[in-house]
Amino acid sequence: MITIVIADDEKLIRAGIAKILRDSIDVPLEILEAKNGKEALELCQKEQPNVLITDIRMPIMDGVELMQNVSKLENKPEMIVSSGYDDFVFAKAAIQSGAHSYILKPLDKKELVEAVEKAIATFRVSEQKRNEESLKNILDEGRVDSSTEISGHKFENGYYCIAINGTNIKNILQQVLNSVDYYVLENKKGFECVVIPREALYLLESDISLNQYVIGVSNSSTNISSLRTCRKQAFEAMLQAYFSKEETQDFEKKPGLYYYSEISTEPNFSEIDENYEKLILKISIAEVKDIQGSLKKLLSFDDEKPEYYASKLSYIYNKLNANLFTRFPGYTDNDLYLHLKAIMIENLWQLKNLEEWRTCISDYLIYLSELLKKENTEHPFIEEAVDY
């Protein structure tokens with residue numbers, strides 16, 4: 001629903017503008033009328049409209065003063081000025097107050113409709129950006145506070161988090177989801193995580209243009225504070241693509257739509273933590289074959305239940321990204337080779353199978369090990385301390 005305030009001291013003009021908009025604008029409209037600037041300002045403060053159409057010459061408070069006051073509001077509408085006076089002074093005042101368009105009376109129907117449609121489009125872009133920022137804050141903070149507000153669409157029927165991997169994602173999502181509001185949480189090369197209304201999932205399920213993409217779908221939720229959990233579920237569901245070909249052992253990625261499913265018992269990943277710590281603690285003194293052997297053990301799925309595969313991969317991925325690149329300060333950021341390998345490790349979804357990912361991690365660790373050994377040679381007491 002788009003709310004429009006029409007401010008004009010002539011009743012017939014207000015009625016005429018309202019009729020033109022109702023007949024020509026193809027979205028639900030709520031139109032409010034004000035016969036002077038004071039009434040219009042009160043409506044803007046109370047109703048927080050999306051668009052304000054105001055005349056310049058009005059009693060009590062004219063259009064210029066109205067726009068100056070409205071421009072100070074926290075949720076100010078897109079403003080369109082109509083005037084019978086082709087005067088640069090009025091146009092300049094309108095522009096300075098942030099007016100979207102300036103149109104002359106007698107109003108041209110086509111010009112009016114185009115100005116309002118443009119204002120609505122601008123409002124929607126701004127609203128989407130505000131909502132995406134609010135959602136990203138929830139994702140970062142892990143909670144909803146009193147300042148968090150999702151305007152427009154509040155996911156009354158619930159929402160899904162969608163993690164998608166492929167090429168040209170932005171354009172394909174705009175085509176598939178063009179009829180619904182959706183919000184982008186993350187946008188990286190070959191990967192996007194978006195929030196969609198619950199009722200929009202069928203668009204992803206039924207569109208054959210998505211057949212070449214890997215799509216992970218979280219559980220549905222009606223609580224926006226569960227956003228971080230849903231994002232984690234969507235990413236984990238997307239990782240199922242590496243385990244869909246049971247006949248192969250290289251864990252090659254397979255396009256498709258994957259749904260997150262709850263695991264009956266919580267997996268115990270304490271062994272992963274133990275193996276990881278052993279690997280990292282001896283990285284500065286280990287031989288290449290030892291590093292490769294420890295890494296192979298860390299990334300082994302031989303003794304794991306298939307329903308835990310994606311969960312385990314997600315756990316290892318998050319552990320590496322949260323710990324490995326900061327464990328040895330300065331190396332990843334200052335060394336180009338390590339920096340590039342770190343990007344490849346972070347962008348797991350761009351690799352066609354897990355063997356490529358394991359190789360990237362191995363390359364990173366072996367190169368890092370050589371750098372650390374070189375430093376230990378220069379400062380032998382470090383190696384002595386590690387040996388002790």
# chains A, B, ... in the order shown; residues from 1 in each chain; ligands from 1
>>> residues_around(residues="Leu135 in chain A", least_positions_apart="2", cutoff="8 Å", atoms="only C-alpha atoms", output="PyMOL selection string")
chain A and resi 131-133+137-139+150+185+227
>>> residues_around(residues="Leu348 in chain A", least_positions_apart="3", cutoff="12 Å", atoms="only C-alpha atoms", output="PyMOL selection string")
chain A and resi 165+188-191+235+238-239+241-242+253+313-314+316-318+320-321+341-345+351-361
>>> residues_around(residues="Asp8 in chain A", least_positions_apart="3", cutoff="7 Å", atoms="only C-alpha atoms", output="list of chain:residue names")
A:Arg14, A:Ala34, A:Lys35, A:Asn36, A:Thr54, A:Asp55, A:Met58
>>> write_last_selection(atoms="C-alpha atoms", output="PDB file, in the first residue's frame")
ATOM      1  CA  ARG A  14      -7.402  17.630  -5.045  1.00  0.00           C
ATOM      2  CA  ALA A  34      -5.145  18.562   2.986  1.00  0.00           C
ATOM      3  CA  LYS A  35      -6.421  22.043   2.149  1.00  0.00           C
ATOM      4  CA  ASN A  36      -3.344  23.862   3.453  1.00  0.00           C
ATOM      5  CA  THR A  54       1.803  19.930  -2.799  1.00  0.00           C
ATOM      6  CA  ASP A  55       0.766  23.241  -4.309  1.00  0.00           C
ATOM      7  CA  MET A  58      -1.822  27.845   0.050  1.00  0.00           C
TER       8      MET A  58
END
>>> closest_residue(among="A:Leu52, A:Ala40, A:Ile283, A:Leu371", to="Asp9 in chain A", atoms="only C-alpha atoms")
A:Ala40
>>> atom_distance(atom1="CA of Asp207 in chain A", atom2="CA of Asn178 in chain A")
12.5 Å
>>> select_by_dssp(residues="range 31-212 of chain A", states="strand (DSSP E or B)", output="PyMOL selection string")
chain A and resi 31-34+51-55+78-83+99-104+159-165+183-188+191-197
>>> write_last_selection(atoms="N, CA and C atoms", output="tab-separated table (two decimals), in the first residue's frame")
chain	number	residue	atom	x	y	z
A	31	ILE	N	-5.07	7.61	-0.40
A	31	ILE	CA	-4.89	9.02	-0.72
A	31	ILE	C	-5.53	9.87	0.37
A	32	LEU	N	-4.73	10.77	0.95
A	32	LEU	CA	-5.17	11.68	2.00
A	32	LEU	C	-5.10	13.10	1.45
A	33	GLU	N	-6.08	13.93	1.83
A	33	GLU	CA	-6.15	15.29	1.30
A	33	GLU	C	-5.97	16.32	2.41
A	34	ALA	N	-5.33	17.44	2.06
A	34	ALA	CA	-5.14	18.56	2.99
A	34	ALA	C	-5.37	19.86	2.22
A	51	VAL	N	4.46	9.55	-0.49
A	51	VAL	CA	4.57	10.62	-1.49
A	51	VAL	C	3.73	11.81	-1.02
A	52	LEU	N	4.28	13.01	-1.22
A	52	LEU	CA	3.55	14.25	-0.95
A	52	LEU	C	3.47	15.06	-2.23
A	53	ILE	N	2.24	15.40	-2.64
A	53	ILE	CA	2.03	16.28	-3.79
A	53	ILE	C	1.49	17.59	-3.24
A	54	THR	N	2.22	18.67	-3.41
A	54	THR	CA	1.80	19.93	-2.80
A	54	THR	C	1.81	21.10	-3.77
A	55	ASP	N	0.80	21.97	-3.59
A	55	ASP	CA	0.77	23.24	-4.31
A	55	ASP	C	1.72	24.20	-3.61
A	78	GLU	N	8.63	11.25	-0.55
A	78	GLU	CA	9.09	11.82	-1.81
A	78	GLU	C	8.14	12.97	-2.15
A	79	MET	N	8.69	14.14	-2.50
A	79	MET	CA	7.85	15.33	-2.69
A	79	MET	C	7.74	15.74	-4.15
A	80	ILE	N	6.51	16.05	-4.55
A	80	ILE	CA	6.23	16.55	-5.91
A	80	ILE	C	5.53	17.89	-5.75
A	81	VAL	N	6.01	18.91	-6.46
A	81	VAL	CA	5.46	20.26	-6.36
A	81	VAL	C	4.64	20.57	-7.60
A	82	SER	N	3.43	21.07	-7.38
A	82	SER	CA	2.61	21.56	-8.49
A	82	SER	C	2.36	23.04	-8.28
A	83	SER	N	2.44	23.82	-9.33
A	83	SER	CA	2.25	25.26	-9.18
A	83	SER	C	1.79	25.88	-10.48
A	99	ALA	N	12.55	18.31	-3.35
A	99	ALA	CA	11.41	17.92	-4.18
A	99	ALA	C	11.86	16.96	-5.27
A	100	HIS	N	11.03	15.96	-5.53
A	100	HIS	CA	11.34	14.94	-6.53
A	100	HIS	C	11.06	15.47	-7.94
A	101	SER	N	9.95	16.21	-8.10
A	101	SER	CA	9.56	16.76	-9.41
A	101	SER	C	8.87	18.10	-9.20
A	102	TYR	N	8.92	18.93	-10.23
A	102	TYR	CA	8.24	20.23	-10.23
A	102	TYR	C	7.41	20.30	-11.50
A	103	ILE	N	6.06	20.31	-11.35
A	103	ILE	CA	5.18	20.31	-12.52
A	103	ILE	C	4.24	21.51	-12.45
A	104	LEU	N	3.94	22.06	-13.61
A	104	LEU	CA	3.14	23.28	-13.70
A	104	LEU	C	1.65	22.98	-13.91
A	159	TYR	N	9.06	-16.20	6.64
A	159	TYR	CA	10.08	-15.96	5.62
A	159	TYR	C	11.03	-17.15	5.54
A	160	TYR	N	11.79	-17.19	4.44
A	160	TYR	CA	12.88	-18.16	4.26
A	160	TYR	C	14.17	-17.39	4.01
A	161	CYS	N	15.29	-17.96	4.44
A	161	CYS	CA	16.60	-17.50	3.98
A	161	CYS	C	17.00	-18.41	2.83
A	162	ILE	N	17.51	-17.82	1.77
A	162	ILE	CA	17.92	-18.56	0.59
A	162	ILE	C	19.39	-18.27	0.32
A	163	ALA	N	20.21	-19.31	0.25
A	163	ALA	CA	21.62	-19.17	-0.15
A	163	ALA	C	21.74	-19.72	-1.57
A	164	ILE	N	22.26	-18.94	-2.48
A	164	ILE	CA	22.30	-19.35	-3.89
A	164	ILE	C	23.70	-19.15	-4.46
A	165	ASN	N	24.14	-20.14	-5.22
A	165	ASN	CA	25.47	-20.13	-5.85
A	165	ASN	C	25.32	-20.30	-7.35
A	183	TYR	N	15.04	-9.32	0.13
A	183	TYR	CA	16.13	-8.50	0.64
A	183	TYR	C	17.44	-9.26	0.61
A	184	VAL	N	18.50	-8.58	0.19
A	184	VAL	CA	19.82	-9.20	0.06
A	184	VAL	C	20.59	-9.01	1.37
A	185	LEU	N	20.98	-10.13	1.99
A	185	LEU	CA	21.78	-10.09	3.21
A	185	LEU	C	23.27	-10.09	2.91
A	186	GLU	N	23.68	-10.89	1.94
A	186	GLU	CA	25.09	-11.01	1.57
A	186	GLU	C	25.19	-11.07	0.05
A	187	ASN	N	26.24	-10.47	-0.46
A	187	ASN	CA	26.45	-10.46	-1.90
A	187	ASN	C	27.94	-10.57	-2.17
A	188	LYS	N	28.37	-11.76	-2.58
A	188	LYS	CA	29.76	-12.01	-2.92
A	188	LYS	C	29.82	-12.62	-4.31
A	191	PHE	N	27.85	-15.82	-5.12
A	191	PHE	CA	27.05	-16.21	-3.95
A	191	PHE	C	26.19	-15.05	-3.48
A	192	GLU	N	24.94	-15.35	-3.16
A	192	GLU	CA	24.07	-14.38	-2.50
A	192	GLU	C	23.23	-15.09	-1.47
A	193	CYS	N	22.95	-14.38	-0.39
A	193	CYS	CA	22.01	-14.87	0.61
A	193	CYS	C	20.89	-13.84	0.69
A	194	VAL	N	19.66	-14.27	0.48
A	194	VAL	CA	18.53	-13.35	0.46
A	194	VAL	C	17.43	-13.85	1.40
A	195	VAL	N	16.56	-12.91	1.78
A	195	VAL	CA	15.38	-13.23	2.59
A	195	VAL	C	14.16	-13.01	1.71
A	196	ILE	N	13.30	-14.03	1.64
A	196	ILE	CA	12.11	-13.93	0.81
A	196	ILE	C	10.87	-14.23	1.66
A	197	PRO	N	9.71	-13.67	1.30
A	197	PRO	CA	8.48	-14.02	2.01
A	197	PRO	C	8.18	-15.52	1.83
>>> select_by_dssp(residues="range 3-64 of chain A", states="helix (DSSP H, G or I)", output="list in words")
Lys11, Leu12, Ile13, Arg14, Ala15, Gly16, Ile17, Ala18, Lys19, Ile20, Leu21, Arg22, Asp23, Ser24, Gly37, Lys38, Glu39, Ala40, Leu41, Glu42, Leu43, Cys44, Gln45, Lys46, Glu47, Gly63 and Val64 of chain A
>>> closest_residue(among="A:Ser221, A:Gln45, A:Ser284, A:Ser179", to="Ser369 in chain A", atoms="only C-alpha atoms")
A:Ser284
>>> closest_residue(among="A:Leu372, A:Phe251, A:Tyr259, A:Lys38", to="Leu299 in chain A", atoms="only C-alpha atoms")
A:Phe251
>>> atom_distance(atom1="CA of Gln128 in chain A", atom2="CA of Leu173 in chain A")
15.0 Å
>>> decode(residues="range 2-13 of chain A", atoms="all heavy atoms", output="PDB file, in the first residue's frame")
ATOM      1  N   ILE A   2       0.648   2.142  -0.969  1.00  0.00           N
ATOM      2  CA  ILE A   2       1.355   3.407  -1.067  1.00  0.00           C
ATOM      3  C   ILE A   2       0.440   4.517  -0.575  1.00  0.00           C
ATOM      4  O   ILE A   2      -0.702   4.645  -1.029  1.00  0.00           O
ATOM      5  CB  ILE A   2       1.793   3.700  -2.517  1.00  0.00           C
ATOM      6  CG1 ILE A   2       2.799   2.644  -2.996  1.00  0.00           C
ATOM      7  CG2 ILE A   2       2.388   5.100  -2.627  1.00  0.00           C
ATOM      8  CD1 ILE A   2       4.115   2.659  -2.271  1.00  0.00           C
ATOM      9  N   THR A   3       0.923   5.318   0.375  1.00  0.00           N
ATOM     10  CA  THR A   3       0.136   6.419   0.927  1.00  0.00           C
ATOM     11  C   THR A   3       0.597   7.732   0.309  1.00  0.00           C
ATOM     12  O   THR A   3       1.795   8.036   0.297  1.00  0.00           O
ATOM     13  CB  THR A   3       0.288   6.484   2.455  1.00  0.00           C
ATOM     14  OG1 THR A   3      -0.121   5.245   3.028  1.00  0.00           O
ATOM     15  CG2 THR A   3      -0.571   7.600   3.040  1.00  0.00           C
ATOM     16  N   ILE A   4      -0.372   8.503  -0.214  1.00  0.00           N
ATOM     17  CA  ILE A   4      -0.076   9.770  -0.880  1.00  0.00           C
ATOM     18  C   ILE A   4      -0.887  10.878  -0.216  1.00  0.00           C
ATOM     19  O   ILE A   4      -2.091  10.735  -0.006  1.00  0.00           O
ATOM     20  CB  ILE A   4      -0.419   9.713  -2.381  1.00  0.00           C
ATOM     21  CG1 ILE A   4       0.411   8.632  -3.077  1.00  0.00           C
ATOM     22  CG2 ILE A   4      -0.192  11.076  -3.044  1.00  0.00           C
ATOM     23  CD1 ILE A   4       0.064   8.435  -4.551  1.00  0.00           C
ATOM     24  N   VAL A   5      -0.224  11.975   0.120  1.00  0.00           N
ATOM     25  CA  VAL A   5      -0.898  13.169   0.629  1.00  0.00           C
ATOM     26  C   VAL A   5      -0.950  14.203  -0.486  1.00  0.00           C
ATOM     27  O   VAL A   5       0.078  14.515  -1.097  1.00  0.00           O
ATOM     28  CB  VAL A   5      -0.177  13.751   1.858  1.00  0.00           C
ATOM     29  CG1 VAL A   5      -0.743  15.130   2.212  1.00  0.00           C
ATOM     30  CG2 VAL A   5      -0.318  12.818   3.049  1.00  0.00           C
ATOM     31  N   ILE A   6      -2.170  14.716  -0.746  1.00  0.00           N
ATOM     32  CA  ILE A   6      -2.351  15.772  -1.749  1.00  0.00           C
ATOM     33  C   ILE A   6      -2.695  17.056  -1.001  1.00  0.00           C
ATOM     34  O   ILE A   6      -3.714  17.126  -0.304  1.00  0.00           O
ATOM     35  CB  ILE A   6      -3.480  15.425  -2.736  1.00  0.00           C
ATOM     36  CG1 ILE A   6      -3.170  14.112  -3.452  1.00  0.00           C
ATOM     37  CG2 ILE A   6      -3.673  16.560  -3.741  1.00  0.00           C
ATOM     38  CD1 ILE A   6      -4.322  13.618  -4.321  1.00  0.00           C
ATOM     39  N   ALA A   7      -1.857  18.065  -1.124  1.00  0.00           N
ATOM     40  CA  ALA A   7      -2.067  19.346  -0.443  1.00  0.00           C
ATOM     41  C   ALA A   7      -2.351  20.433  -1.471  1.00  0.00           C
ATOM     42  O   ALA A   7      -1.483  20.784  -2.273  1.00  0.00           O
ATOM     43  CB  ALA A   7      -0.841  19.701   0.393  1.00  0.00           C
ATOM     44  N   ASP A   8      -3.583  20.952  -1.432  1.00  0.00           N
ATOM     45  CA  ASP A   8      -3.995  22.020  -2.356  1.00  0.00           C
ATOM     46  C   ASP A   8      -5.226  22.688  -1.764  1.00  0.00           C
ATOM     47  O   ASP A   8      -6.108  22.005  -1.232  1.00  0.00           O
ATOM     48  CB  ASP A   8      -4.305  21.458  -3.746  1.00  0.00           C
ATOM     49  CG  ASP A   8      -4.314  22.533  -4.821  1.00  0.00           C
ATOM     50  OD1 ASP A   8      -5.168  23.440  -4.743  1.00  0.00           O
ATOM     51  OD2 ASP A   8      -3.470  22.458  -5.728  1.00  0.00           O
ATOM     52  N   ASP A   9      -5.281  23.996  -1.864  1.00  0.00           N
ATOM     53  CA  ASP A   9      -6.419  24.700  -1.264  1.00  0.00           C
ATOM     54  C   ASP A   9      -7.673  24.632  -2.132  1.00  0.00           C
ATOM     55  O   ASP A   9      -8.755  25.072  -1.703  1.00  0.00           O
ATOM     56  CB  ASP A   9      -6.049  26.158  -0.970  1.00  0.00           C
ATOM     57  CG  ASP A   9      -5.612  26.911  -2.218  1.00  0.00           C
ATOM     58  OD1 ASP A   9      -5.157  26.248  -3.180  1.00  0.00           O
ATOM     59  OD2 ASP A   9      -5.714  28.146  -2.236  1.00  0.00           O
ATOM     60  N   GLU A  10      -7.581  24.083  -3.331  1.00  0.00           N
ATOM     61  CA  GLU A  10      -8.754  23.941  -4.195  1.00  0.00           C
ATOM     62  C   GLU A  10      -9.235  22.492  -4.183  1.00  0.00           C
ATOM     63  O   GLU A  10      -8.519  21.574  -4.614  1.00  0.00           O
ATOM     64  CB  GLU A  10      -8.415  24.375  -5.624  1.00  0.00           C
ATOM     65  CG  GLU A  10      -8.062  25.863  -5.727  1.00  0.00           C
ATOM     66  CD  GLU A  10      -7.905  26.294  -7.177  1.00  0.00           C
ATOM     67  OE1 GLU A  10      -8.753  25.898  -8.007  1.00  0.00           O
ATOM     68  OE2 GLU A  10      -6.936  27.016  -7.472  1.00  0.00           O
ATOM     69  N   LYS A  11     -10.461  22.300  -3.706  1.00  0.00           N
ATOM     70  CA  LYS A  11     -11.032  20.962  -3.524  1.00  0.00           C
ATOM     71  C   LYS A  11     -11.121  20.193  -4.842  1.00  0.00           C
ATOM     72  O   LYS A  11     -10.825  18.989  -4.905  1.00  0.00           O
ATOM     73  CB  LYS A  11     -12.406  21.064  -2.881  1.00  0.00           C
ATOM     74  CG  LYS A  11     -13.039  19.720  -2.550  1.00  0.00           C
ATOM     75  CD  LYS A  11     -14.359  19.903  -1.827  1.00  0.00           C
ATOM     76  CE  LYS A  11     -14.980  18.548  -1.478  1.00  0.00           C
ATOM     77  NZ  LYS A  11     -16.274  18.714  -0.766  1.00  0.00           N
ATOM     78  N   LEU A  12     -11.526  20.878  -5.904  1.00  0.00           N
ATOM     79  CA  LEU A  12     -11.684  20.201  -7.192  1.00  0.00           C
ATOM     80  C   LEU A  12     -10.341  19.694  -7.728  1.00  0.00           C
ATOM     81  O   LEU A  12     -10.269  18.625  -8.347  1.00  0.00           O
ATOM     82  CB  LEU A  12     -12.335  21.146  -8.207  1.00  0.00           C
ATOM     83  CG  LEU A  12     -13.821  21.445  -7.984  1.00  0.00           C
ATOM     84  CD1 LEU A  12     -14.335  22.437  -9.031  1.00  0.00           C
ATOM     85  CD2 LEU A  12     -14.647  20.156  -8.041  1.00  0.00           C
ATOM     86  N   ILE A  13      -9.303  20.475  -7.494  1.00  0.00           N
ATOM     87  CA  ILE A  13      -7.975  20.038  -7.954  1.00  0.00           C
ATOM     88  C   ILE A  13      -7.530  18.802  -7.174  1.00  0.00           C
ATOM     89  O   ILE A  13      -7.012  17.841  -7.749  1.00  0.00           O
ATOM     90  CB  ILE A  13      -6.950  21.176  -7.807  1.00  0.00           C
ATOM     91  CG1 ILE A  13      -7.268  22.282  -8.830  1.00  0.00           C
ATOM     92  CG2 ILE A  13      -5.526  20.649  -8.004  1.00  0.00           C
ATOM     93  CD1 ILE A  13      -6.317  23.457  -8.782  1.00  0.00           C
TER      94      ILE A  13
END
